[in-house]
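The structure appears below as structure tokens.
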Amino acid sequence: MLLIDSTTIRLFSDILKGVGRNPKNDGKKKGGLKVHMLIDAVQSVGRFIKITEAKVHDRSFLKELNLTPHSMVVFDKAYNYYHQFAVWTSNSVYFVTRLKKNAVYTVVETLREQGRVKGKAMVLKEEIIELEYFPECEDGKRQTRVKAKLQLKKVCYQDEKNRYYEFLSNSMESTAEEIAFLYKKRWGIETLFKKMKQNFQLHYFYGESENAIRTQVWCTLIAQLLMTVIQKMAQTKKAFSVVASLIRIHLISLLDVFDLLRSTRREYLKKRGSPSSELQLKIAF
């Protein structure tokens with residue numbers, strides 16, 4: 001199972017074009033970059049990463065992916081791209097996402113439907129729907145004179161807090177409950193971005209050129225990957241933030257990093273007895 005999402009990092013200069021229409025408080029529109037990431041849901045590490053200007057739309061990242069058949073990809077509704085969905089369906093690549101509110105579709109078949117029960121997580125409706133879209137040529141241009149059709153499964157779901165969701169998938173063999181469960185796993189990538197922004201230096205950049213900014217972001221991603229590997233190898237129960245802090249503090253100390261992470265002591269061991277007089281430093285006044 002693979003997860004797709006992006007995070008935006010705001011810059012205090014216009015080196016990379018920012019996202020949004022309105023300038024900030026100082027009357028100047030700030031720059032920004034966007035980190036697009038494909039991660040493994042099990043290992044919680046990035047498999048493919050691309051850094052772009054913040055203004056680049058999320059769905060353009062989907063064209064960069066080279067997914068193997070029978071892969072399962074989960075992402076939010078910002079990546080709705082019907083032409084790419086059709087390409088994946090023909091290549092036996094499956095996905096789970098959310099349906100946009102303004103989506104236009106036709107209900108082909110209603111598989112099941114039931115009323116709401118307050119405070120209970122349940123599937124409310126399961127349908128087969130048909131969408132129309134403009135196919136694209138190999139160079140990415142839309143064929144506006146021709147419309148193609150795509151059939152997908154729509155799942156209406158209510159969680160324990162009575163929040164309503166509409167999921168979309170091309171996996172006709174998956175049950176509605178499985179589709180809802182897979183989308184819940186998407187929050188794993190949000191946790192990954194949270195770790196990156198909270199534990200590494202990304203609110204201040206040491207250089208002002210585009211190359212310096214990209215280099216610092218790549219170094220951050222590499223450092224996060226290495227710490228994740230160390231955390232798993234040490235088999236420690238310490239949180240990622242604790243692991244990052246300990247490694248940062250003892251980066252040049254002659255300590256075994258695995259013993260440091262596995263240790264449950266909160267203080268250093270004190271040696272019994274006083275040091276020999278030969279090792280004591282004598283100061284003459």
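If you're wondering about the labels, chains in the structure tokens are A, B, ... by order shown, residues count from 1 in each chain, ligands from 1 in order shown.
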(request) Check the DSSP output for the backbone and give back, as a count of residues only, the residues of region 95-215 of chain A in helix (DSSP H, G or I). (result) 28
(request) Could you find all residues in region 142-224 of chain A that DSSP calls strand (DSSP E) from the backbone, and write them as a list of chain:residue names? (result)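 Strand (DSSP E) members of region 142-224 of chain A, listed: A:Ala148, A:Lys149, A:Leu150, A:Gln151, A:Leu152, A:Lys153, A:Lys154, A:Val155, A:Cys156, A:Tyr157, A:Gln158, A:Tyr164, A:Tyr165, A:Glu166, A:Phe167, A:Leu168, A:Ser169.
The neighbours of Met233 (chain A) here are the residues that come within 12 Å of it, using only C-alpha atoms and leaving out any residue fewer than 4 positions away in the same chain; they are Leu226, Met227, Thr228, Val229, Lys237, Val257, Phe258, Asp259, Leu261 and Arg262 of chain A.
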Keeping only all heavy atoms, take the residues you just selected and write them out as a PDB file, in the first residue's frame.
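Saved result, result_37.pdb, follows:
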ATOM      1  N   LEU A 226      17.432   8.253   7.735  1.00  0.00           N
ATOM      2  CA  LEU A 226      18.462   7.582   8.527  1.00  0.00           C
ATOM      3  C   LEU A 226      18.021   7.388   9.974  1.00  0.00           C
ATOM      4  O   LEU A 226      18.245   6.323  10.569  1.00  0.00           O
ATOM      5  CB  LEU A 226      19.764   8.384   8.476  1.00  0.00           C
ATOM      6  CG  LEU A 226      20.481   8.427   7.122  1.00  0.00           C
ATOM      7  CD1 LEU A 226      21.681   9.365   7.181  1.00  0.00           C
ATOM      8  CD2 LEU A 226      20.934   7.029   6.710  1.00  0.00           C
ATOM      9  N   MET A 227      17.361   8.405  10.548  1.00  0.00           N
ATOM     10  CA  MET A 227      16.902   8.282  11.934  1.00  0.00           C
ATOM     11  C   MET A 227      15.778   7.260  12.062  1.00  0.00           C
ATOM     12  O   MET A 227      15.671   6.573  13.077  1.00  0.00           O
ATOM     13  CB  MET A 227      16.454   9.650  12.454  1.00  0.00           C
ATOM     14  CG  MET A 227      17.600  10.609  12.692  1.00  0.00           C
ATOM     15  SD  MET A 227      17.090  12.125  13.498  1.00  0.00           S
ATOM     16  CE  MET A 227      18.638  13.046  13.454  1.00  0.00           C
ATOM     17  N   THR A 228      14.937   7.166  11.037  1.00  0.00           N
ATOM     18  CA  THR A 228      13.878   6.153  11.051  1.00  0.00           C
ATOM     19  C   THR A 228      14.484   4.752  11.023  1.00  0.00           C
ATOM     20  O   THR A 228      14.032   3.847  11.743  1.00  0.00           O
ATOM     21  CB  THR A 228      12.939   6.351   9.850  1.00  0.00           C
ATOM     22  OG1 THR A 228      12.370   7.658   9.893  1.00  0.00           O
ATOM     23  CG2 THR A 228      11.815   5.322   9.875  1.00  0.00           C
ATOM     24  N   VAL A 229      15.520   4.563  10.202  1.00  0.00           N
ATOM     25  CA  VAL A 229      16.208   3.273  10.135  1.00  0.00           C
ATOM     26  C   VAL A 229      16.866   2.945  11.466  1.00  0.00           C
ATOM     27  O   VAL A 229      16.773   1.817  11.974  1.00  0.00           O
ATOM     28  CB  VAL A 229      17.256   3.279   8.994  1.00  0.00           C
ATOM     29  CG1 VAL A 229      18.104   2.013   9.037  1.00  0.00           C
ATOM     30  CG2 VAL A 229      16.571   3.409   7.644  1.00  0.00           C
ATOM     31  N   LYS A 237      11.424   1.966  22.177  1.00  0.00           N
ATOM     32  CA  LYS A 237      10.062   2.457  22.338  1.00  0.00           C
ATOM     33  C   LYS A 237      10.020   3.976  22.444  1.00  0.00           C
ATOM     34  O   LYS A 237       8.942   4.556  22.604  1.00  0.00           O
ATOM     35  CB  LYS A 237       9.431   1.833  23.588  1.00  0.00           C
ATOM     36  CG  LYS A 237       9.238   0.321  23.484  1.00  0.00           C
ATOM     37  CD  LYS A 237       8.555  -0.223  24.722  1.00  0.00           C
ATOM     38  CE  LYS A 237       8.348  -1.735  24.625  1.00  0.00           C
ATOM     39  NZ  LYS A 237       7.693  -2.288  25.836  1.00  0.00           N
ATOM     40  N   VAL A 257      25.201   4.471  19.671  1.00  0.00           N
ATOM     41  CA  VAL A 257      23.876   5.057  19.476  1.00  0.00           C
ATOM     42  C   VAL A 257      22.763   4.074  19.815  1.00  0.00           C
ATOM     43  O   VAL A 257      21.719   4.468  20.359  1.00  0.00           O
ATOM     44  CB  VAL A 257      23.726   5.579  18.029  1.00  0.00           C
ATOM     45  CG1 VAL A 257      23.771   4.441  17.016  1.00  0.00           C
ATOM     46  CG2 VAL A 257      22.427   6.364  17.870  1.00  0.00           C
ATOM     47  N   PHE A 258      22.985   2.784  19.566  1.00  0.00           N
ATOM     48  CA  PHE A 258      21.954   1.798  19.863  1.00  0.00           C
ATOM     49  C   PHE A 258      21.795   1.597  21.368  1.00  0.00           C
ATOM     50  O   PHE A 258      20.682   1.470  21.874  1.00  0.00           O
ATOM     51  CB  PHE A 258      22.265   0.475  19.168  1.00  0.00           C
ATOM     52  CG  PHE A 258      22.252   0.575  17.663  1.00  0.00           C
ATOM     53  CD1 PHE A 258      23.422   0.454  16.932  1.00  0.00           C
ATOM     54  CD2 PHE A 258      21.075   0.807  16.980  1.00  0.00           C
ATOM     55  CE1 PHE A 258      23.414   0.555  15.556  1.00  0.00           C
ATOM     56  CE2 PHE A 258      21.049   0.909  15.598  1.00  0.00           C
ATOM     57  CZ  PHE A 258      22.223   0.788  14.879  1.00  0.00           C
ATOM     58  N   ASP A 259      22.927   1.563  22.102  1.00  0.00           N
ATOM     59  CA  ASP A 259      22.844   1.478  23.563  1.00  0.00           C
ATOM     60  C   ASP A 259      22.174   2.723  24.139  1.00  0.00           C
ATOM     61  O   ASP A 259      21.421   2.635  25.117  1.00  0.00           O
ATOM     62  CB  ASP A 259      24.239   1.316  24.162  1.00  0.00           C
ATOM     63  CG  ASP A 259      24.847  -0.052  23.867  1.00  0.00           C
ATOM     64  OD1 ASP A 259      24.064  -0.968  23.531  1.00  0.00           O
ATOM     65  OD2 ASP A 259      26.068  -0.190  23.956  1.00  0.00           O
ATOM     66  N   LEU A 261      19.881   4.576  22.717  1.00  0.00           N
ATOM     67  CA  LEU A 261      18.442   4.568  22.453  1.00  0.00           C
ATOM     68  C   LEU A 261      17.715   3.470  23.223  1.00  0.00           C
ATOM     69  O   LEU A 261      16.538   3.616  23.556  1.00  0.00           O
ATOM     70  CB  LEU A 261      18.184   4.404  20.949  1.00  0.00           C
ATOM     71  CG  LEU A 261      18.700   5.539  20.055  1.00  0.00           C
ATOM     72  CD1 LEU A 261      18.396   5.247  18.596  1.00  0.00           C
ATOM     73  CD2 LEU A 261      18.076   6.871  20.454  1.00  0.00           C
ATOM     74  N   ARG A 262      18.424   2.361  23.484  1.00  0.00           N
ATOM     75  CA  ARG A 262      17.789   1.267  24.222  1.00  0.00           C
ATOM     76  C   ARG A 262      17.774   1.503  25.721  1.00  0.00           C
ATOM     77  O   ARG A 262      17.003   0.878  26.442  1.00  0.00           O
ATOM     78  CB  ARG A 262      18.526  -0.043  23.927  1.00  0.00           C
ATOM     79  CG  ARG A 262      18.344  -0.539  22.489  1.00  0.00           C
ATOM     80  CD  ARG A 262      19.229  -1.712  22.216  1.00  0.00           C
ATOM     81  NE  ARG A 262      19.159  -2.134  20.823  1.00  0.00           N
ATOM     82  CZ  ARG A 262      20.179  -2.647  20.148  1.00  0.00           C
ATOM     83  NH1 ARG A 262      21.353  -2.817  20.754  1.00  0.00           N
ATOM     84  NH2 ARG A 262      20.040  -3.001  18.879  1.00  0.00           N
TER      85      ARG A 262
END
(message) My list of candidates is A:Val107, A:Cys156, A:Leu192, A:Leu182. Which is closest to Asp5 (chain A) when distances are computed with only C-alpha atoms?
(response)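 Closest to Asp5 (chain A) of all the choices is A:Leu192.
CA of His203 (chain A) to CA of Gly188 (chain A) spans 22.5 Å [interatomic distance, one decimal].
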With 10 Å as the cut-off and only C-alpha atoms counted, what is the closest atom pair between each nearby residue of region 170-199 of chain A and region 54-73 of chain A? Distances in Å to one decimal, ordered by chain and number, as a Markdown table.
| residue | atom | partner | partner_atom | distance |
| --- | --- | --- | --- | --- |
| A:Ser171 | CA | A:Met72 | CA | 8.9 |
| A:Leu182 | CA | A:Met72 | CA | 9.1 |
| A:Tyr183 | CA | A:Val73 | CA | 9.5 |
| A:Arg186 | CA | A:Val73 | CA | 9.4 |
(message) When you count only C-alpha atoms, which of these residues is closest to Ala121 (chain A): A:Arg145, A:Arg163, A:Lys100, A:Lys153?
(response)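 The answer is A:Arg163, which sits nearest to Ala121 (chain A).
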Mind dumping a table of every region 145-253 of chain A residue within 10 Å of region 124-138 of chain A, with the nearest atom pair and its distance in Å to one decimal, using only C-alpha atoms, sorted by chain and rising number, as JSON lines?
{"residue": "A:Arg145", "atom": "CA", "partner": "A:Phe134", "partner_atom": "CA", "distance": 8.1}
{"residue": "A:Val146", "atom": "CA", "partner": "A:Phe134", "partner_atom": "CA", "distance": 6.4}
{"residue": "A:Lys147", "atom": "CA", "partner": "A:Phe134", "partner_atom": "CA", "distance": 4.9}
{"residue": "A:Ala148", "atom": "CA", "partner": "A:Tyr133", "partner_atom": "CA", "distance": 5.5}
{"residue": "A:Lys149", "atom": "CA", "partner": "A:Glu132", "partner_atom": "CA", "distance": 4.6}
{"residue": "A:Leu150", "atom": "CA", "partner": "A:Leu131", "partner_atom": "CA", "distance": 5.2}
{"residue": "A:Gln151", "atom": "CA", "partner": "A:Glu130", "partner_atom": "CA", "distance": 4.4}
{"residue": "A:Leu152", "atom": "CA", "partner": "A:Ile129", "partner_atom": "CA", "distance": 5.5}
{"residue": "A:Lys153", "atom": "CA", "partner": "A:Ile128", "partner_atom": "CA", "distance": 4.7}
{"residue": "A:Lys154", "atom": "CA", "partner": "A:Glu127", "partner_atom": "CA", "distance": 5.1}
{"residue": "A:Val155", "atom": "CA", "partner": "A:Glu126", "partner_atom": "CA", "distance": 4.7}
{"residue": "A:Cys156", "atom": "CA", "partner": "A:Lys125", "partner_atom": "CA", "distance": 4.9}
{"residue": "A:Tyr157", "atom": "CA", "partner": "A:Leu124", "partner_atom": "CA", "distance": 5.5}
{"residue": "A:Gln158", "atom": "CA", "partner": "A:Leu124", "partner_atom": "CA", "distance": 6.9}
{"residue": "A:Tyr164", "atom": "CA", "partner": "A:Leu124", "partner_atom": "CA", "distance": 9.3}
{"residue": "A:Tyr165", "atom": "CA", "partner": "A:Leu124", "partner_atom": "CA", "distance": 9.8}
{"residue": "A:Glu166", "atom": "CA", "partner": "A:Lys125", "partner_atom": "CA", "distance": 9.3}
{"residue": "A:Phe167", "atom": "CA", "partner": "A:Glu126", "partner_atom": "CA", "distance": 9.6}
{"residue": "A:Leu168", "atom": "CA", "partner": "A:Ile129", "partner_atom": "CA", "distance": 9.4}
{"residue": "A:Ser169", "atom": "CA", "partner": "A:Ile128", "partner_atom": "CA", "distance": 9.8}
{"residue": "A:Asn170", "atom": "CA", "partner": "A:Ile128", "partner_atom": "CA", "distance": 9.8}
{"residue": "A:Met172", "atom": "CA", "partner": "A:Ile128", "partner_atom": "CA", "distance": 8.7}
{"residue": "A:Thr175", "atom": "CA", "partner": "A:Glu126", "partner_atom": "CA", "distance": 9.1}
{"residue": "A:Ala176", "atom": "CA", "partner": "A:Glu126", "partner_atom": "CA", "distance": 6.7}
{"residue": "A:Glu177", "atom": "CA", "partner": "A:Glu126", "partner_atom": "CA", "distance": 9.9}
(message) Just want the 12 Å neighbourhood of Leu3 (chain A), counted on only C-alpha atoms, with same-chain residues fewer than 5 positions away dropped. Output as a ChimeraX atom specification.
(response) /A:36-49,62,65,71-76,79,94-97,182-192
(request) Would you mind reading off the distance between CA of Asp256 (chain A) and CA of Thr215 (chain A), one decimal, in Å? (result) 28.9 Å
(message) Report, in Å to a single decimal, how far apart CA of Ser245 (chain A) and CA of Gln231 (chain A) are.
(response) 12.3 Å
